[in-house]
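Structure first, commentary second.
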Amino acid sequence: MVLLAHTVMTAKQNERYSIQIDDGRSINLVPSANHEHLNEKQLVDYVEHRRRFIEWLREQGKHPKKREGYSDYTVYETAYKTARFDRWVWGEEGRYTIPPTPEHAENYIDDVVVFREISNSTKGKTEEALMRYMRWVANTSHTEQWDHQQLFRSGGDDAPRDYLTRRERRLVREQALESDDDGWKVAAIVCVSLDAALRPVEVARATTEWCDVVNQMLRIPKEDSSKNEDNWRVSLTGRTATVLKHWLEERKTIEKYEGRDELWLTRQATPYDSRSLARLLRKLCDDAGIDSGGRKLTWYSIRHSTGTYVTAERDLKAAKDQLRHKSAKTTMKYDQVPVEDRRRALRDI
């Protein structure tokens with residue numbers, strides 16, 4: 001049975017059927033390939049199904065009892081892998097049906113994933129996405145638990161690729177110091193983020209109370225940390241502490257900061273977010289002559305570069321502490337040899 005398209009996605013619908021995530025991207029609740037299979041009533045039903053699943057992933061999917069969700073990177077990947085699975089189910093059944101069953105999931109792995117021309121680590125990530133999905137399905141419907149033994153391991157193939165190189169880190173820092181815009185503010189945001197690997201939400205939440213320039217560190221309270229797990233003491237270099245000290249002094253003279261404790265505000269007197277930070281980084285890169293080379297450079301590119309190079313220069317423990325990871329397993333994705341180090345090794349052999 002062939003499923004027919006009954007509706008056309010408008011721009012307004014597309015905006016309504018998406019969720020903004022932390023790195024400037026958005027998750028389309030209903031990818032166009034799925035939308036083509038649905039009439040208007042089915043679309044409304046599927047949007048609600050997807051919205052509840054993705055919100056669960058973000059808010060509590062990792063540890064429901066602790067109300068701990070997955071990172072936006074994991075949610076993004078899971079959302080699109082499971083949408084593809086739903087689409088396959090509809091094709092197999094010849095009709096729209098939600099939720100999928102454990103049998104659907106098992107057949108999808110055995111008949112589709114195993115034979116796809118992709119790496120084993122990508123197959124493993126697809127399995128993991130389906131395992132999250134089916135766990136949620138079992139918890140929210142009368143569907144049985146999927147008792148599945150994972151065939152493939154995702155391994156370390158998810159190491160961030162879109163990070164700044166050592167040279168690019170230096171150029172971005174120098175450009176921030178050279179810029180005449182906003183006094184010491186941009187220099188402070190960039191230098192602190194390069195050292196502390198700040199997530200966009202942490203840039204937004206940062207307050208003057210975090211700053212300990214005497215001891216060259218940030219003291220991030222538990223209630224302000226991105227994962228809300230522990231108080232963190234994050235190291236800063238002497239150079240960064242000096243920049244931050246100048247910004248704190250300058251900040252006292254700026255009217256829009258009166259009565260507010262945010263460390264940084266935009267020109268519109270609002271906290272920074274992932275989009276405004278991505279624009280800032282792109283401008284710095286353009287002004288510094290940095291070619292993105294096909295990379296999607298966002299504020300996370302700074303964080304990923306810090307994780308990569310702290311791991312390379314020190315060890316996973318140092319990177320884990322600096323990046324404020326609760327689990328060392330999370331930090332292991334940074335356990336890779338940077339490309340310039342590999343190039344240097346080739347010259348030395």
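For the structure tokens, the naming scheme is as follows: chains receive sequential letters (A, B, ...) according to their order of presentation, residues are indexed from 1 within each chain, and ligands are indexed from 1 in presentation order.
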- So which residues of stretch 80-194 of chain A fall under alpha helix (DSSP H) by DSSP, listed as an MDAnalysis selection string? chainID A and resid 80:93 102:111 120:140 166:178 185:194
- Contacts of stretch 263-265 of chain A within 6 Å, only C-alpha atoms, excl. fewer than 4 positions in-chain, as an NGL selection string: :A and (206-208 or 269-271)
Restricting the output to C-alpha atoms, write the selected residues as a PDB file, in the first residue's frame.
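Output file selection.pdb is given in full below:
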ATOM      1  CA  ALA A 206      27.104  34.019  34.379  1.00  0.00           C
ATOM      2  CA  THR A 207      27.047  36.612  37.153  1.00  0.00           C
ATOM      3  CA  THR A 208      29.659  38.788  38.791  1.00  0.00           C
ATOM      4  CA  ALA A 269      20.368  44.780  27.609  1.00  0.00           C
ATOM      5  CA  THR A 270      19.318  41.131  27.293  1.00  0.00           C
ATOM      6  CA  PRO A 271      21.333  38.013  28.189  1.00  0.00           C
TER       7      PRO A 271
END
- Using only C-alpha atoms, which residues sit within 12 Å of A:Glu174 once same-chain residues fewer than 3 positions away are excluded, as a list in words? Arg167, Glu168, Arg169, Arg170, Leu171, Leu177, Glu178, Ser179, Val186, Ala187, Ala188, Val190, Cys191, Leu194, Arg239, Leu284, Cys285, Asp287, Ala288 and Gly289 of chain A
- Task: Determine the nearest neighbour of A:Leu151 from the options A:Glu92, A:Gly124, A:Arg135, A:Val172, counting only C-alpha atoms.
- Result: A:Gly124
- Task: Using DSSP on the backbone, list every residue of stretch 8-231 of chain A that comes out as strand (DSSP E), and give them as a PyMOL selection string.
- Result: chain A and resi 18-20+26-28+211-212+217-220
Near A:Cys211, counting only C-alpha atoms, which residues have an atom at most 9 Å away, once you skip same-chain residues fewer than 4 positions from it, shown as an mmCIF file with C-alpha atoms, in the first residue's frame?
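Result file is part14.cif:
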data_model
loop_
_atom_site.group_PDB
_atom_site.id
_atom_site.type_symbol
_atom_site.label_atom_id
_atom_site.label_comp_id
_atom_site.auth_asym_id
_atom_site.auth_seq_id
_atom_site.Cartn_x
_atom_site.Cartn_y
_atom_site.Cartn_z
ATOM 1 C CA ALA A 206 27.104 34.019 34.379
ATOM 2 C CA THR A 207 27.047 36.612 37.153
ATOM 3 C CA GLN A 216 42.140 33.022 38.656
ATOM 4 C CA MET A 217 38.972 30.948 38.549
ATOM 5 C CA LEU A 218 35.235 30.918 38.055
ATOM 6 C CA ARG A 219 33.139 29.638 40.934
ATOM 7 C CA ILE A 220 29.929 28.338 39.363
ATOM 8 C CA ALA A 241 41.871 36.837 34.738
ATOM 9 C CA LEU A 244 38.094 39.802 33.278
ATOM 10 C CA LYS A 245 39.334 42.204 35.966
ATOM 11 C CA LEU A 248 34.483 44.066 35.902
ATOM 12 C CA LEU A 263 28.148 39.351 33.874
#
